[in-house]
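Chemist: For reference, this is query-v2.txt, and it has compact mmCIF, C-alpha atoms and all ligand atoms.
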# COMPACT_ATOMS: atom_id res chain seq x y z
CA MET M 15 24.06 -0.55 13.70
CA ASN M 16 20.54 -1.07 14.98
CA GLU M 17 19.03 -2.80 11.98
CA HIS M 18 15.49 -2.85 13.30
CA ASN M 19 15.56 0.87 13.93
CA LEU M 20 16.98 1.60 10.47
CA ILE M 21 14.23 -0.47 8.83
CA SER M 22 11.50 1.37 10.66
CA ARG M 23 13.05 4.78 9.91
CA ALA M 24 13.37 3.90 6.21
CA GLN M 25 9.73 2.77 6.08
CA GLN M 26 8.68 6.02 7.77
CA VAL M 27 10.42 8.05 5.05
CA LEU M 28 8.49 6.22 2.31
CA ARG M 29 5.21 6.70 4.22
CA LEU M 30 6.02 10.39 4.74
CA ASN M 31 6.61 10.95 1.00
CA ASP M 32 3.70 8.74 -0.10
CA ALA M 33 1.29 10.71 -2.30
CA GLY M 34 -1.25 7.90 -2.70
CA ASP M 35 -0.05 5.91 -5.69
CA PHE M 36 3.31 7.57 -6.28
CA THR M 37 6.09 8.59 -3.91
CA LYS M 38 7.70 12.02 -3.95
CA PRO M 39 11.50 11.81 -3.88
CA SER M 40 11.51 14.49 -1.15
CA LEU M 41 8.67 16.72 0.06
CA GLY M 42 10.31 20.13 -0.34
CA GLN M 43 12.82 19.80 -3.16
CA TYR M 44 11.14 17.22 -5.43
CA PRO M 45 7.36 17.21 -4.84
CA HIS M 46 6.33 15.28 -8.00
CA GLN M 47 7.03 11.83 -9.48
CA TRP M 48 10.44 11.07 -10.99
CA ASN M 49 10.91 8.12 -13.29
CA TRP M 50 13.97 6.21 -12.07
CA ASP M 51 13.28 7.28 -8.49
CA SER M 52 9.87 5.63 -8.71
CA ALA M 53 11.33 2.39 -10.05
CA LEU M 54 13.80 2.11 -7.15
CA ILE M 55 11.19 3.24 -4.65
CA ALA M 56 8.86 0.43 -5.83
CA LEU M 57 11.57 -2.05 -4.83
CA GLY M 58 11.66 -0.48 -1.36
CA TRP M 59 7.87 -0.70 -0.96
CA ALA M 60 7.99 -4.36 -2.04
CA HIS M 61 9.79 -5.18 1.22
CA PHE M 62 6.82 -4.21 3.36
CA ASP M 63 3.78 -3.30 1.25
CA LEU M 64 3.49 -5.22 -2.02
CA PRO M 65 0.23 -3.60 -3.26
CA ARG M 66 1.87 -0.22 -2.76
CA ALA M 67 4.88 -1.36 -4.85
CA PHE M 68 2.51 -2.38 -7.66
CA ALA M 69 0.72 0.99 -7.41
CA GLU M 70 4.05 2.81 -7.75
CA VAL M 71 4.87 0.99 -11.00
CA ARG M 72 1.35 1.43 -12.37
CA SER M 73 1.36 5.16 -11.69
CA LEU M 74 4.69 5.55 -13.49
CA LEU M 75 3.49 3.64 -16.54
CA ALA M 76 0.17 5.50 -16.57
CA ALA M 77 2.14 8.55 -17.69
CA GLN M 78 3.57 6.77 -20.75
CA TRP M 79 3.37 8.82 -23.92
CA ARG M 80 1.49 7.54 -26.97
CA ASP M 81 4.82 7.02 -28.75
CA GLY M 82 6.18 4.83 -25.93
CA MET M 83 8.32 7.25 -23.93
CA VAL M 84 7.98 7.14 -20.15
CA PRO M 85 8.70 10.70 -19.01
CA HIS M 86 11.23 11.79 -16.42
CA ILE M 87 9.03 14.08 -14.29
CA ILE M 88 5.31 13.40 -13.91
CA TYR M 89 2.93 15.88 -12.31
CA PRO M 90 -0.11 13.77 -11.32
CA THR M 91 -1.17 16.38 -8.76
CA GLY M 92 -0.51 19.49 -10.87
CA ALA M 93 1.76 22.43 -10.11
CA SER M 94 3.64 23.16 -6.87
CA ALA M 95 6.44 25.49 -5.84
CA TYR M 96 8.82 23.33 -7.93
CA PHE M 97 10.52 24.75 -11.01
CA PRO M 98 9.91 23.86 -13.83
CA PRO M 99 6.12 23.74 -13.37
CA PRO M 100 4.16 21.39 -15.66
CA GLU M 101 3.13 24.06 -18.18
CA PHE M 102 6.76 25.13 -18.67
CA TRP M 103 7.39 21.96 -20.68
CA GLN M 104 4.60 22.61 -23.20
CA THR M 105 3.90 18.90 -23.56
CA ASP M 106 0.09 19.13 -23.30
CA ASN M 107 -1.92 18.17 -26.36
CA LEU M 108 0.94 16.94 -28.53
CA ALA M 109 -0.06 14.09 -30.83
CA HIS M 110 2.55 11.81 -29.21
CA SER M 111 2.39 12.91 -25.53
CA GLY M 112 0.50 11.25 -22.70
CA SER M 113 -2.65 12.05 -20.77
CA ILE M 114 -0.89 13.06 -17.53
CA GLN M 115 1.15 16.27 -17.35
CA SER M 116 4.86 15.56 -17.66
CA SER M 117 8.26 16.76 -18.76
CA GLY M 118 9.35 16.08 -22.36
CA LEU M 119 12.42 14.09 -21.33
CA THR M 120 13.00 10.53 -20.17
CA GLN M 121 15.34 8.88 -17.61
CA PRO M 122 17.31 5.62 -17.14
CA PRO M 123 14.91 2.68 -17.64
CA LEU M 124 15.16 0.71 -14.41
CA ILE M 125 11.56 -0.46 -14.28
CA ALA M 126 11.95 -3.88 -15.98
CA THR M 127 14.76 -4.79 -13.59
CA MET M 128 12.72 -3.68 -10.58
CA VAL M 129 9.61 -5.56 -11.73
CA ARG M 130 11.66 -8.71 -12.21
CA MET M 131 13.22 -8.36 -8.75
CA ILE M 132 9.87 -7.69 -7.09
CA HIS M 133 8.39 -10.74 -8.83
CA ALA M 134 11.38 -12.88 -7.81
CA TYR M 135 10.85 -11.90 -4.15
CA THR M 136 7.17 -12.73 -4.29
CA ARG M 137 6.61 -15.44 -6.90
CA SER M 138 2.87 -15.33 -6.32
CA ASP M 139 -0.02 -15.60 -8.79
CA GLU M 140 -0.70 -11.99 -7.96
CA SER M 141 2.79 -10.85 -8.96
CA ARG M 142 2.69 -12.98 -12.12
CA ALA M 143 -0.59 -11.29 -13.11
CA PHE M 144 1.06 -7.96 -12.39
CA VAL M 145 4.01 -8.81 -14.63
CA ARG M 146 1.60 -9.77 -17.42
CA GLU M 147 -0.23 -6.48 -17.00
CA VAL M 148 2.83 -4.19 -17.19
CA PHE M 149 4.96 -6.17 -19.67
CA PRO M 150 3.59 -4.60 -22.92
CA GLN M 151 4.07 -1.06 -21.68
CA ILE M 152 7.66 -1.67 -20.58
CA LEU M 153 8.42 -3.36 -23.90
CA GLY M 154 6.99 -0.31 -25.68
CA TRP M 155 9.31 1.99 -23.74
CA HIS M 156 12.39 -0.11 -24.55
CA ARG M 157 11.38 -0.12 -28.24
CA TRP M 158 11.12 3.67 -28.16
CA LEU M 159 14.59 3.98 -26.56
CA HIS M 160 16.17 1.69 -29.15
CA THR M 161 14.52 3.47 -32.11
CA ALA M 162 13.40 7.05 -31.37
CA ARG M 163 16.71 7.66 -29.57
CA ASP M 164 18.94 5.85 -32.03
CA ALA M 165 21.23 8.52 -33.48
CA ASP M 166 23.49 6.32 -35.62
CA GLY M 167 21.97 2.89 -36.23
CA THR M 168 23.74 1.28 -33.26
CA GLY M 169 20.57 1.20 -31.13
CA LEU M 170 22.58 2.79 -28.28
CA PRO M 171 20.18 5.44 -26.98
CA CYS M 172 21.17 9.08 -26.91
CA ILE M 173 20.11 11.81 -24.50
CA PHE M 174 19.22 15.42 -25.33
CA HIS M 175 19.52 16.92 -21.85
CA PRO M 176 21.75 16.15 -18.83
CA TRP M 177 18.58 15.50 -16.79
CA GLU M 178 17.88 12.44 -18.94
CA SER M 179 21.03 10.77 -17.59
CA GLY M 180 19.81 11.09 -13.99
CA ALA M 181 23.37 12.30 -13.24
CA ASP M 182 22.16 15.83 -13.98
CA ASN M 183 25.18 17.89 -13.02
CA SER M 184 28.06 15.52 -13.66
CA PRO M 185 31.32 16.99 -15.05
CA ARG M 186 30.77 14.42 -17.84
CA TRP M 187 28.44 16.95 -19.47
CA SER M 188 30.71 20.01 -19.16
CA PRO M 189 32.53 19.67 -22.52
CA ALA M 190 29.19 19.58 -24.36
CA LEU M 191 27.51 22.23 -22.19
CA ASP M 192 30.47 24.60 -22.52
CA ARG M 193 29.85 24.80 -26.27
CA ILE M 194 26.30 26.06 -25.69
CA THR M 195 25.51 29.76 -25.27
CA PRO M 196 21.93 30.23 -24.08
CA THR M 197 20.01 32.74 -26.18
CA ASP M 198 16.50 34.15 -25.66
CA LEU M 199 16.23 32.43 -22.30
CA PRO M 200 12.60 32.33 -21.17
CA PRO M 201 12.05 34.10 -17.84
CA PHE M 202 12.39 31.66 -14.96
CA LYS M 203 13.12 31.55 -11.27
CA ARG M 204 15.14 28.71 -9.77
CA ARG M 205 13.56 27.10 -6.75
CA ASP M 206 16.07 24.36 -5.94
CA THR M 207 18.39 26.67 -4.01
CA GLN M 208 15.56 27.59 -1.63
CA PHE M 209 15.68 24.10 -0.21
CA VAL M 210 19.33 23.15 -0.60
CA SER M 211 22.48 25.22 -0.14
CA PRO M 212 23.62 26.71 -3.49
CA ASP M 213 27.07 25.16 -2.82
CA GLU M 214 25.48 21.74 -3.23
CA ARG M 215 23.52 22.55 -6.39
CA PRO M 216 24.42 23.31 -10.05
CA LEU M 217 26.17 26.60 -10.81
CA ALA M 218 24.04 29.34 -12.42
CA PRO M 219 25.61 29.10 -15.93
CA ASP M 220 24.90 25.35 -16.00
CA TYR M 221 21.35 25.80 -14.77
CA GLU M 222 20.76 28.38 -17.52
CA ARG M 223 21.90 25.83 -20.07
CA PHE M 224 19.51 23.26 -18.58
CA VAL M 225 16.65 25.74 -19.07
CA HIS M 226 17.86 26.67 -22.55
CA LEU M 227 17.82 22.99 -23.59
CA ILE M 228 14.24 22.65 -22.30
CA ASP M 229 13.32 25.69 -24.37
CA LEU M 230 14.87 24.13 -27.49
CA GLY M 231 13.02 20.88 -26.78
CA ARG M 232 9.67 22.58 -26.56
CA ARG M 233 10.33 24.58 -29.74
CA ALA M 234 10.88 21.18 -31.42
CA ARG M 235 7.55 20.09 -29.90
CA TRP M 236 9.49 17.20 -28.36
CA GLU M 237 9.50 15.33 -31.68
CA PRO M 238 12.31 12.76 -31.45
CA ARG M 239 13.41 13.21 -35.10
CA THR M 240 13.44 17.01 -34.84
CA LEU M 241 15.34 16.82 -31.55
CA LEU M 242 17.89 14.57 -33.17
CA GLU M 243 18.39 17.08 -35.98
CA GLN M 244 18.38 20.24 -33.91
CA MET M 245 19.53 19.73 -30.33
CA PRO M 246 23.10 20.88 -29.57
CA PHE M 247 23.39 18.28 -26.79
CA VAL M 248 23.22 14.71 -28.19
CA ILE M 249 25.14 12.16 -26.16
CA GLN M 250 25.27 8.39 -25.98
CA ASP M 251 25.37 7.83 -22.24
CA VAL M 252 27.24 4.75 -20.97
CA MET M 253 25.11 4.39 -17.85
CA LEU M 254 21.75 4.76 -19.57
CA GLY M 255 22.84 2.32 -22.28
CA ALA M 256 24.03 -0.19 -19.68
CA ILE M 257 20.85 0.14 -17.61
CA LEU M 258 18.78 -0.42 -20.77
CA HIS M 259 20.78 -3.53 -21.66
CA ARG M 260 20.29 -4.95 -18.18
CA ALA M 261 16.59 -4.07 -18.40
CA ASP M 262 16.35 -5.82 -21.79
CA GLU M 263 17.84 -8.93 -20.19
CA ASP M 264 15.35 -8.74 -17.33
CA LEU M 265 12.44 -8.16 -19.69
CA ARG M 266 13.55 -11.17 -21.73
CA ALA M 267 13.48 -13.35 -18.61
CA LEU M 268 9.95 -12.10 -17.89
CA ALA M 269 8.92 -12.73 -21.52
CA LEU M 270 10.07 -16.34 -21.23
CA GLU M 271 8.08 -16.80 -18.06
CA LEU M 272 4.97 -15.33 -19.69
CA GLY M 273 5.44 -17.34 -22.89
CA GLU M 274 5.88 -14.15 -24.92
CA PRO M 275 8.15 -14.03 -28.00
CA THR M 276 11.71 -12.87 -27.39
CA GLN M 277 13.06 -12.20 -30.92
CA GLU M 278 12.84 -8.44 -30.66
CA LEU M 279 14.55 -8.43 -27.26
CA ASP M 280 17.19 -10.87 -28.51
CA ALA M 281 17.94 -8.53 -31.42
CA TRP M 282 18.36 -5.51 -29.10
CA LEU M 283 20.60 -7.50 -26.77
CA ALA M 284 22.79 -8.71 -29.63
CA ARG M 285 23.05 -5.28 -31.23
CA THR M 286 24.07 -3.61 -27.97
CA ARG M 287 26.71 -6.29 -27.32
CA GLU M 288 28.01 -5.78 -30.83
CA ASN M 289 28.33 -1.98 -30.58
CA PHE M 290 28.97 -1.17 -26.93
CA ASP M 291 32.74 -1.61 -26.71
CA ALA M 292 33.58 0.09 -29.99
CA ARG M 293 31.60 3.11 -28.92
CA PHE M 294 32.48 3.40 -25.23
CA TRP M 295 35.53 1.40 -24.16
CA ASP M 296 38.90 3.16 -23.97
CA ASP M 297 41.49 0.45 -23.82
CA ALA M 298 44.40 2.80 -23.08
CA ARG M 299 42.69 4.14 -19.94
CA GLY M 300 40.72 1.01 -18.99
CA LEU M 301 37.52 3.08 -18.69
CA TYR M 302 34.16 3.47 -20.41
CA PHE M 303 33.52 7.00 -21.70
CA ASP M 304 30.29 8.61 -22.97
CA TYR M 305 30.19 9.61 -26.64
CA ASP M 306 29.35 13.10 -27.87
CA ILE M 307 27.49 12.73 -31.17
CA ARG M 308 27.79 16.43 -32.09
CA ALA M 309 31.55 16.57 -31.40
CA HIS M 310 32.12 13.08 -32.89
CA ALA M 311 34.29 12.30 -29.88
CA PRO M 312 34.34 10.46 -26.57
CA ILE M 313 33.94 12.52 -23.41
CA ARG M 314 37.03 11.55 -21.45
CA VAL M 315 35.75 12.23 -17.94
CA ASN M 316 36.30 9.53 -15.33
CA ALA M 317 33.12 9.22 -13.24
CA CYS M 318 31.03 6.51 -11.61
CA HIS M 319 29.13 5.68 -14.83
CA THR M 320 32.24 3.79 -15.92
CA PHE M 321 31.27 0.90 -13.62
CA ALA M 322 27.69 0.61 -14.94
CA PRO M 323 28.50 -1.89 -17.74
CA MET M 324 29.21 -4.45 -14.99
CA PHE M 325 25.58 -4.09 -13.84
CA ALA M 326 24.56 -5.16 -17.34
CA GLY M 327 27.14 -7.93 -17.81
CA LEU M 328 28.56 -5.95 -20.74
CA ALA M 329 32.16 -5.91 -19.48
CA SER M 330 34.36 -8.91 -20.18
CA PRO M 331 36.04 -10.44 -17.10
CA ALA M 332 39.28 -8.72 -18.20
CA GLN M 333 37.56 -5.33 -18.52
CA ALA M 334 35.90 -5.78 -15.14
CA ALA M 335 39.28 -6.63 -13.59
CA ARG M 336 40.76 -3.42 -14.97
CA LEU M 337 37.82 -1.34 -13.73
CA VAL M 338 38.20 -2.78 -10.25
CA ARG M 339 41.98 -2.96 -9.89
CA GLU M 340 42.97 0.24 -11.72
CA HIS M 341 40.06 2.46 -10.69
CA PHE M 342 37.67 1.20 -7.98
CA ASP M 343 40.56 0.13 -5.73
CA ASN M 344 42.70 3.14 -6.61
CA PRO M 345 42.84 5.69 -3.73
CA ASP M 346 43.62 8.55 -6.15
CA GLU M 347 40.33 7.89 -7.92
CA TYR M 348 37.62 6.07 -5.94
CA ALA M 349 39.02 4.06 -2.99
CA PRO M 350 39.06 5.53 0.53
CA SER M 351 42.18 7.57 1.35
CA ASP M 352 43.28 10.49 3.54
CA ASN M 353 40.95 12.77 1.60
CA SER M 354 37.87 10.52 1.54
CA ARG M 355 36.43 7.91 3.89
CA PHE M 356 33.28 6.77 2.09
CA SER M 357 32.70 4.91 -1.18
CA LEU M 358 31.91 5.68 -3.92
CA PRO M 359 32.67 9.26 -5.00
CA SER M 360 30.45 9.96 -8.04
CA THR M 361 33.37 11.58 -9.87
CA ALA M 362 36.96 10.33 -9.63
CA LYS M 363 38.81 12.38 -7.02
CA HIS M 364 41.62 13.34 -9.39
CA GLU M 365 39.25 14.78 -12.03
CA PRO M 366 39.43 18.60 -12.36
CA GLY M 367 35.61 18.76 -12.03
CA TYR M 368 35.59 16.83 -8.72
CA ALA M 369 33.75 18.74 -5.96
CA PRO M 370 32.83 16.62 -2.91
CA ARG M 371 29.62 18.44 -2.01
CA ARG M 372 28.27 19.64 -5.33
CA TYR M 373 25.42 17.72 -7.00
CA TRP M 374 26.92 14.81 -9.01
CA CYS M 375 30.45 16.29 -9.01
CA GLY M 376 31.74 14.03 -6.23
CA PRO M 377 29.19 13.12 -3.55
CA VAL M 378 28.29 9.50 -2.79
CA TRP M 379 24.81 8.36 -3.91
CA ILE M 380 23.05 5.36 -2.41
CA GLN M 381 21.47 4.29 -5.74
CA ILE M 382 24.82 4.45 -7.54
CA ASN M 383 26.38 2.37 -4.77
CA TRP M 384 23.59 -0.17 -5.16
CA ILE M 385 23.86 -0.37 -8.97
CA ILE M 386 27.64 -0.76 -8.82
CA ALA M 387 27.47 -3.29 -5.99
CA GLN M 388 25.10 -5.41 -8.11
CA GLY M 389 27.62 -5.29 -10.94
CA LEU M 390 30.53 -6.19 -8.68
CA LEU M 391 28.63 -9.20 -7.34
CA ARG M 392 27.91 -10.32 -10.88
CA TYR M 393 31.68 -10.54 -11.54
CA GLY M 394 32.61 -12.08 -8.20
CA TYR M 395 33.99 -8.97 -6.45
CA GLY M 396 32.17 -9.69 -3.21
CA ALA M 397 34.53 -7.71 -0.94
CA GLN M 398 34.12 -4.52 -3.01
CA ALA M 399 30.34 -4.98 -3.20
CA GLU M 400 30.23 -5.42 0.57
CA GLN M 401 32.27 -2.24 1.01
CA LEU M 402 29.60 -0.30 -0.92
CA ARG M 403 26.78 -1.90 1.08
CA ARG M 404 28.51 -1.22 4.40
CA ASP M 405 29.35 2.39 3.52
CA SER M 406 25.82 3.07 2.28
CA LEU M 407 24.32 1.80 5.54
CA ALA M 408 26.91 3.68 7.61
CA LEU M 409 26.08 6.92 5.74
CA VAL M 410 22.31 6.74 6.30
CA GLU M 411 22.89 5.66 9.90
CA GLN M 412 25.21 8.62 10.51
CA SER M 413 23.53 11.37 8.48
CA GLY M 414 19.98 10.21 7.77
CA PHE M 415 18.33 9.44 4.42
CA ARG M 416 19.89 12.34 2.55
CA GLU M 417 20.01 12.70 -1.22
CA TYR M 418 23.83 12.47 -1.36
CA PHE M 419 26.83 12.53 0.97
CA ASP M 420 30.26 14.14 1.15
CA PRO M 421 32.75 11.27 0.65
CA ARG M 422 35.29 12.93 2.97
CA ASP M 423 33.30 12.70 6.20
CA GLY M 424 29.83 11.49 5.27
CA THR M 425 28.08 14.83 5.79
CA GLY M 426 24.56 14.64 4.36
CA CYS M 427 23.90 16.92 1.36
CA GLY M 428 21.02 17.85 -0.94
CA ALA M 429 17.42 17.00 -0.13
CA VAL M 430 16.34 15.48 3.19
CA GLU M 431 14.23 12.36 3.86
CA PHE M 432 15.07 11.17 0.36
CA SER M 433 12.91 8.28 -0.82
CA TRP M 434 15.34 6.13 -2.79
CA SER M 435 17.99 6.38 -0.06
CA ALA M 436 15.34 4.86 2.23
CA ALA M 437 14.14 2.31 -0.34
CA LEU M 438 17.64 1.04 -1.08
CA THR M 439 18.49 0.87 2.61
CA LEU M 440 15.67 -1.68 2.85
CA GLU M 441 17.09 -3.51 -0.16
CA PHE M 442 20.67 -3.49 1.16
CA LEU M 443 19.48 -4.79 4.55
CA ASN M 444 17.49 -7.53 2.87
CA GLN M 445 20.51 -8.47 0.73
CA GLY M 446 22.56 -8.70 3.93
CA LYS M 447 20.08 -11.28 5.25
CA SER M 448 20.30 -13.42 2.13
CA ASN M 449 24.12 -13.17 2.17
CA GLY M 450 23.84 -14.79 5.57
C1 LIG R 1 16.14 18.99 -10.72
O1 LIG R 1 15.20 19.78 -10.62
O2 LIG R 1 17.32 19.29 -10.48
C2 LIG R 1 15.84 17.61 -11.14
O3 LIG R 1 16.90 16.76 -10.84
C3 LIG R 1 15.49 17.50 -12.59
O4 LIG R 1 15.22 16.17 -12.89
Please render this file's structure as structure tokens.
Ligand code: DGY
Modeler:
Amino acid sequence: MNEHNLISRAQQVLRLNDAGDFTKPSLGQYPHQWNWDSALIALGWAHFDLPRAFAEVRSLLAAQWRDGMVPHIIYPTGASAYFPPPEFWQTDNLAHSGSIQSSGLTQPPLIATMVRMIHAYTRSDESRAFVREVFPQILGWHRWLHTARDADGTGLPCIFHPWESGADNSPRWSPALDRITPTDLPPFKRRDTQFVSPDERPLAPDYERFVHLIDLGRRARWEPRTLLEQMPFVIQDVMLGAILHRADEDLRALALELGEPTQELDAWLARTRENFDARFWDDARGLYFDYDIRAHAPIRVNACHTFAPMFAGLASPAQAARLVREHFDNPDEYAPSDNSRFSLPSTAKHEPGYAPRRYWCGPVWIQINWIIAQGLLRYGYGAQAEQLRRDSLALVEQSGFREYFDPRDGTGCGAVEFSWSAALTLEFLNQGKSNG
């Protein structure tokens, strides 16, 4: 691998997608600002342009709603060829929405973790001032997630749309989506399949359900309480809950550094620890499963989210050992085998919904590899973490900075010149340096 060349190609991708103070995930397919993309992209910028990293975070938080939510898609530059366009969401002029056009949904809250990492790399007066500036807004978002999205008093946030998970088209959502029959669908025209082969994108019946759920959200005027009462899709998502817990930990560390009180954060951390296992852990299978609030049942689909609690330190050492030995290292599920060379398939290979090229049904994602590698390192599984780092770099080297990759042979899929694949390449390369 020519490391120097990879660094300069990754930087070029971020410059190419740079829209001034936010970065498009990909010029054709995703020409606006996405929430968790932006957080990861900020980390990438921090490796070669710190002011630009700060601008990325500021532009994301500028879209915060009055009630604290940070939306999942932000349209700072108005409409484009992308569907849904900003007006489709009907979020303008709500009492609780923000001043920049956006979707009515949210996404996994990675920003506190990214801000802490960026500050740790820099440790300058400038970055400390930046942390002080953004801290209250991030705290406000976490408070909103723990309250407005609390369906049952556990403080474990729920999602109302698969797009809020970030893992939009995972087979994890099929049992809940299959119960929904779209009615009175508003007229719409998909645009995603103009840029990416339909074989790599969601199937039409699923996409119709995505649009139907948006329609229900806008009829509820995106009021969290009304959504909680009325939406047919209400799920406590293991990965989003784990990412929030990790972000609470990171925000707490920043609070201590700033001399801010930590009681509220301590209470969220304790409550999540108290409720997480009872809600998500399946001891018979040795896996974490999402929980379907409407069906009052776990969603027993084995996919990459099951490793996310390690990122947050929520797994016990014994649980982590089971996740690694019984699943990560198992060639029928996630480990390389005759039918797959690259780690980590986003859905276990033996799942009926596994499809190696379809969006979230099997392809490898660089950001998932990074999140899981961080978790593995936290529990001392250095060899497995290194396998994810090595495979991620081999994939972008072989196929370019694609959105996702076929685990069988590494073929690039989805959008091209994808920003977080580039940003996390910079992070993985930097991590390699500090590992010696
Ligand atoms: C899409 O358009 O598929 C996006 O992932 C929604 O967030």
Chemist: Do you have, as a Markdown table, the list of residues of chain M lying at most 10 Å from ligand LIG 1 (chain R), each with its nearest atom pair and that distance in Å to one decimal, counting all atoms listed in the file and ordered by chain then number?
Modeler:
| residue | atom | partner | partner_atom | distance |
| --- | --- | --- | --- | --- |
| M:Gln43 | CA | R:LIG1 | O1 | 7.8 |
| M:Tyr44 | CA | R:LIG1 | O1 | 7.1 |
| M:Gln47 | CA | R:LIG1 | O4 | 9.9 |
| M:Trp48 | CA | R:LIG1 | O4 | 7.2 |
| M:Asn49 | CA | R:LIG1 | O4 | 9.1 |
| M:His86 | CA | R:LIG1 | O4 | 6.9 |
| M:Ile87 | CA | R:LIG1 | O4 | 6.7 |
| M:Tyr96 | CA | R:LIG1 | O1 | 7.8 |
| M:Phe97 | CA | R:LIG1 | O1 | 6.8 |
| M:Pro98 | CA | R:LIG1 | O1 | 7.4 |
| M:Ser117 | CA | R:LIG1 | O4 | 9.1 |
| M:Leu119 | CA | R:LIG1 | O4 | 9.1 |
| M:Thr120 | CA | R:LIG1 | O4 | 9.5 |
| M:Gln121 | CA | R:LIG1 | O4 | 8.7 |
| M:His175 | CA | R:LIG1 | O4 | 10.0 |
| M:Pro176 | CA | R:LIG1 | O4 | 8.8 |
| M:Trp177 | CA | R:LIG1 | O4 | 5.2 |
| M:Glu178 | CA | R:LIG1 | O4 | 7.6 |
| M:Ser179 | CA | R:LIG1 | O4 | 9.2 |
| M:Gly180 | CA | R:LIG1 | O4 | 6.9 |
| M:Ala181 | CA | R:LIG1 | O3 | 8.2 |
| M:Asp182 | CA | R:LIG1 | O3 | 6.2 |
| M:Asn183 | CA | R:LIG1 | O2 | 8.4 |
| M:Arg204 | CA | R:LIG1 | O1 | 9.0 |
| M:Arg205 | CA | R:LIG1 | O1 | 8.4 |
| M:Asp206 | CA | R:LIG1 | O1 | 6.6 |
| M:Thr207 | CA | R:LIG1 | O2 | 9.9 |
| M:Arg215 | CA | R:LIG1 | O2 | 8.1 |
| M:Pro216 | CA | R:LIG1 | O2 | 8.2 |
| M:Tyr221 | CA | R:LIG1 | O2 | 8.8 |
| M:Phe224 | CA | R:LIG1 | C3 | 9.2 |
| M:Tyr373 | CA | R:LIG1 | O2 | 9.0 |
Chemist: Mind dumping the selected residues with C-alpha atoms as a short mmCIF file (atom, residue, chain, number, x, y, z; two decimals), keeping the file's coordinate frame?
Modeler:
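Result file out-v9.cif:
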data_model
loop_
_atom_site.label_atom_id
_atom_site.label_comp_id
_atom_site.auth_asym_id
_atom_site.auth_seq_id
_atom_site.Cartn_x
_atom_site.Cartn_y
_atom_site.Cartn_z
CA GLN M 43 12.82 19.80 -3.16
CA TYR M 44 11.14 17.22 -5.43
CA GLN M 47 7.03 11.83 -9.48
CA TRP M 48 10.44 11.07 -10.99
CA ASN M 49 10.91 8.12 -13.29
CA HIS M 86 11.23 11.79 -16.42
CA ILE M 87 9.03 14.08 -14.29
CA TYR M 96 8.82 23.33 -7.93
CA PHE M 97 10.52 24.75 -11.01
CA PRO M 98 9.91 23.86 -13.83
CA SER M 117 8.26 16.76 -18.76
CA LEU M 119 12.42 14.09 -21.33
CA THR M 120 13.00 10.53 -20.17
CA GLN M 121 15.34 8.88 -17.61
CA HIS M 175 19.52 16.92 -21.85
CA PRO M 176 21.75 16.15 -18.83
CA TRP M 177 18.58 15.50 -16.79
CA GLU M 178 17.88 12.44 -18.94
CA SER M 179 21.03 10.77 -17.59
CA GLY M 180 19.81 11.09 -13.99
CA ALA M 181 23.37 12.30 -13.24
CA ASP M 182 22.16 15.83 -13.98
CA ASN M 183 25.18 17.89 -13.02
CA ARG M 204 15.14 28.71 -9.77
CA ARG M 205 13.56 27.10 -6.75
CA ASP M 206 16.07 24.36 -5.94
CA THR M 207 18.39 26.67 -4.01
CA ARG M 215 23.52 22.55 -6.39
CA PRO M 216 24.42 23.31 -10.05
CA TYR M 221 21.35 25.80 -14.77
CA PHE M 224 19.51 23.26 -18.58
CA TYR M 373 25.42 17.72 -7.00
#
Chemist: Within 12 Å of region 280-282 of chain M, counting all atoms listed in the file, which residues qualify if same-chain residues fewer than 2 places away don't, as an MDAnalysis selection string?
Modeler: chainID M and resid 153 156:161 164 167:171 255 258:267 269:270 275:278 284:290
Chemist: CA of Val410 (chain M) and CA of Ser94 (chain M) are how many Å apart?
Modeler: 28.1 Å
Chemist: When you draw a straight line from CA of Glu340 (chain M) to CA of Ile385 (chain M), how long is it in Å?
Modeler: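 The value is 19.3 Å.
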Chemist: Do a neighbour search on Arg308 (chain M) at 10 Å with only C-alpha atoms, toss out local chain neighbours closer than 6 positions, and write the hits as an MDAnalysis selection string.
Modeler: chainID M and resid 190 245:249
Chemist: Measuring between all atoms listed in the file, which one of M:Ala429, M:Ala218, M:Ala292, M:Gly231 shows the shortest distance to Lys203 (chain M)?
Modeler: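 When distances to Lys203 (chain M) are compared using all atoms listed in the file, the smallest one comes from M:Ala218.
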Chemist: Rounded to one decimal in Å, what is the spacing between CA of Phe419 (chain M) and CA of Asp32 (chain M)?
Modeler: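 Computing it gives 23.5 Å between the two atoms.
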Chemist: Let me make sure I understand: among M:Leu268, M:Ala165, M:Ile55, M:Leu443, which one has the smallest atom-to-atom distance to Ala126 (chain M) if we use only C-alpha atoms?
Modeler: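 The closest residue to Ala126 (chain M) is M:Leu268.
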Chemist: Between M:Ala329, M:Arg146, M:Leu337, M:Pro185, which is the closest to Ser360 (chain M) once you count only C-alpha atoms?
Modeler: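 Closest candidate: M:Pro185.
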Chemist: Of the residues M:Gly389, M:Gly367, M:Pro122, M:Gly424, which is the one nearest to Trp187 (chain M), using all atoms listed in the file?
Modeler: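 Of M:Gly389, M:Gly367, M:Pro122, M:Gly424, the one nearest Trp187 (chain M), counting all atoms listed in the file, is M:Gly367.
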Chemist: At a cut-off of 7 Å, using all atoms listed in the file, what residues contact region 57-62 of chain M? Leave out same-chain residues fewer than 4 positions from it and give the result as number ranges by chain.
Modeler: M: 53, 66-67, 128, 132, 437-438, 440-441
